[in-house]
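*Asks:* Below you'll find the structure I mean.
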Amino acid sequence: MTFSDYLFLFGGMGLVTYLPRTLPLLYLAHKQLPQWLIEWLSLIPVAVLSALLAPSLFTDVAERSFSLGKLEFIVAIPTLLFALKTRSLGGTVLVGMLLYWLVGFII
Amino acid sequence: MKSRDYSKEIFPSSRKKTFQDGATAAWPICLGYIPIGLALGVLAQQTGLPWWAVAMMSVLVFAGSAQFICVAMLAVGSSLPAIIFTTLVVNLRHTLMSSALAVYLPGVSRRFLALFAYGITDESFAVNMTRFRNEDWDRWRALTLNHIANFVWIFATITGVLVGQLVPQGAFGIDYALTGMFICLLVFQLQGRIYIITGLLAALISVCWFLLIPGDSYIVGASICAATLGYFLQRYHRREK
């Protein structure tokens with residue numbers, strides 16, 4: 001591909017990435033939001049995080065089949081407990097990586 | 001026009017502190033971005049993208065999953081409009097995140113919002129929302145975090161093209177960095193029973209949705225369903241009292 005092919009592709013991708021990120025912010029930040037919307041939006045982060053995470057813990061992502069007892073899930077339990085106990089983001093990331101690495105050797 | 005709130009503006013003496021706070025909050029994101037960025041770079045190089053094209057992509061797009069899909073689609077010879085359309089579908093979830101962030105940025109200038117929106121990713125969204133809720137955060141720290149994460153991402157993807165083959169697969173559990181981060185951010189969000197219920201509902205719905213419906217709609221679909229169910233449960237519970 002030539003330089004202009006890449007520019008067209010990444011320019012187009014950039015536009016359709018940027019607009020969903022910017023339009024709601026530009027519109028909603030200058031509005032008085034109704035209480036119900038604020039309450040609904042406050043539940044969005046926990047829902048998004050859980051929705052991002054759950055399939056990677058409970059399914060075989062490549063085959064799209066249910067899979068209980070994956071390494072990702074087993075390691076997630078002590079990682080979750082560590083996060084609950086310490087509330088340290090960096091620490092949890094390191095503990096999760098370390099456990100995943102070590103348990104990967106054993107299994 | 002709304003009058004500006006000068007008490008929240010950053011004065012020169014505290015700029016260094018703002019940068020430090022933003023950088024401190026950004027490092028777990030960066031830790032996750034480095035292995036993923038390297039992996040993307042290696043993949044792109046194998047597909048035949050030159051380093052400057054990867055740099056251009058990371059600057060213009062800055063969306064990890066969409067960039068992976070783009071490289072995979074280029075590898076099988078997809079058309080450019082098809083790749084752009086897929087990117088749109090994959091990134092529609094950010095409209096939800098952008099809306100949720102708007103609650104913490106009322107009346108902020110459109111120029112700032114336009115710059116801030118560029119850096120909204122799954123990761124920066126989750127960290128910034130947690131910090132905003134704890135009320136030890138402001139928009140300048142959030143913007144700093146976004147741009148440090150972006151800089152590390154660009155750096156990691158280019159490095160991946162240049163030296164990626166030297167990094168052994170799966171070394172030090174780096175594949176688990178983002179999962180570990182999402183787990184901890186999820187814990188931060190659990191600030192009451194309704195949040196736990198909403199999280200469990202989202203997990204259940206997203207797994208079912210992921211198994212039954214092809215594509216990436218499970219993230220947006222499960223989030224909206226779970227938040228809506230959670231909202232009505234909360235309202236019903238309040239009325240019962």
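Residues are referred to by chain and number: the chain letter is A, B, ... according to the order shown in the structure tokens, the number counts from 1 in that chain, and ligands are numbered separately from 1 in the order shown.
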I'd like the contact shell of Ala54 of chain A - 9 Å cut-off, only C-alpha atoms, skipping same-chain residues fewer than 6 positions apart - returned as a PyMOL selection string.
*Replies:* chain B and resi 202-204+206-207
*Asks:* So which residues touch Leu53 of chain A within 8 Å, counting only C-alpha atoms, skipping near sequence neighbours fewer than 5 positions away, as a list in words?
*Replies:*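 After dropping sequence-adjacent residues, the list is Thr179, Phe182, Ile183 and Ala203 of chain B.
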*Asks:* Would you save the residues of that selection, restricted to N, CA and C atoms, as a short mmCIF file (atom, residue, chain, number, x, y, z; two decimals), in the first residue's frame?
*Replies:*
data_model
loop_
_atom_site.label_atom_id
_atom_site.label_comp_id
_atom_site.auth_asym_id
_atom_site.auth_seq_id
_atom_site.Cartn_x
_atom_site.Cartn_y
_atom_site.Cartn_z
N THR B 179 -5.91 -7.58 32.26
CA THR B 179 -6.93 -8.29 33.04
C THR B 179 -6.82 -7.93 34.52
N PHE B 182 -8.19 -4.47 35.08
CA PHE B 182 -9.65 -4.40 35.03
C PHE B 182 -10.25 -4.98 36.32
N ILE B 183 -9.65 -6.05 36.85
CA ILE B 183 -10.16 -6.65 38.09
C ILE B 183 -10.11 -5.61 39.22
N ALA B 203 -21.80 -9.37 33.97
CA ALA B 203 -20.96 -10.54 33.69
C ALA B 203 -21.79 -11.66 33.06
#
*Asks:* What residues in chain B lie within 6 Å of chain A, counting only C-alpha atoms, written as a PyMOL selection string?
*Replies:* chain B and resi 28+57+60-61+80+84+88+91-92+94-95+98-100+102+105-107+117+172-174+176-177+180-181+184+189+199+202-203+206-207+211+219+223+227+231
*Asks:* Given the selection you just returned, output its residues as a file containing C-alpha atoms, formatted as a CSV table (one decimal), in the first residue's frame.
*Replies:*
chain,number,residue,atom,x,y,z
B,28,PRO,CA,-0.5,0.7,35.6
B,57,MET,CA,-2.1,4.5,12.9
B,60,LEU,CA,-4.6,8.9,14.4
B,61,VAL,CA,-6.5,6.0,15.8
B,80,LEU,CA,-10.3,-0.3,3.3
B,84,ILE,CA,-13.1,1.5,8.6
B,88,LEU,CA,-16.7,2.2,13.9
B,91,ASN,CA,-15.5,1.7,19.0
B,92,LEU,CA,-19.2,2.6,19.5
B,94,HIS,CA,-16.9,4.7,23.7
B,95,THR,CA,-20.1,6.7,23.3
B,98,SER,CA,-17.8,9.6,26.9
B,99,SER,CA,-21.4,10.1,28.3
B,100,ALA,CA,-20.4,8.9,31.7
B,102,ALA,CA,-19.5,14.2,30.9
B,105,LEU,CA,-16.8,17.8,33.2
B,106,PRO,CA,-19.8,20.1,33.3
B,107,GLY,CA,-19.4,23.4,31.4
B,117,ALA,CA,-11.9,13.0,24.1
B,172,PHE,CA,6.6,-12.5,33.0
B,173,GLY,CA,2.9,-12.9,32.6
B,174,ILE,CA,2.6,-9.7,30.7
B,176,TYR,CA,-2.4,-10.7,32.2
B,177,ALA,CA,-1.5,-7.0,32.9
B,180,GLY,CA,-5.4,-7.6,36.4
B,181,MET,CA,-6.0,-3.9,36.0
B,184,CYS,CA,-8.8,-4.0,40.4
B,189,GLN,CA,-16.4,0.5,41.5
B,199,GLY,CA,-21.6,-6.0,37.9
B,202,ALA,CA,-23.2,-7.5,33.3
B,203,ALA,CA,-21.0,-10.5,33.7
B,206,SER,CA,-22.0,-10.5,28.5
B,207,VAL,CA,-21.0,-14.1,28.7
B,211,LEU,CA,-21.5,-17.0,23.2
B,219,ILE,CA,-19.7,-5.1,25.5
B,223,SER,CA,-23.4,-2.8,29.7
B,227,ALA,CA,-27.1,-0.7,34.0
B,231,TYR,CA,-31.3,1.3,37.7
*Asks:* Can you pull out the residues contacting Arg141 of chain B? Cut-off 12 Å, using only C-alpha atoms, and skip same-chain residues under 4 positions away; I want them as a ChimeraX atom specification.
*Replies:* /B:8-10,14-26,116,124,127-129,131-132,135-137,145-148
*Asks:* Fewer than 3 positions away in the same chain doesn't count, so skip those; otherwise give me all residues within 8 Å of Thr130 of chain B, counting only C-alpha atoms, as a list of chain:residue names.
*Replies:*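 Residues near the query, excluding close chain neighbours: B:Ala126, B:Val127, B:Arg133, B:Asn134, B:Leu185, B:Phe188, B:Gln189.
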*Asks:* Using backbone DSSP assignments, extract all alpha helix (DSSP H) residues from segment 141-240 of chain B; output them as a PyMOL selection string.
*Replies:* chain B and resi 141-163+177-189+193-212+217-240
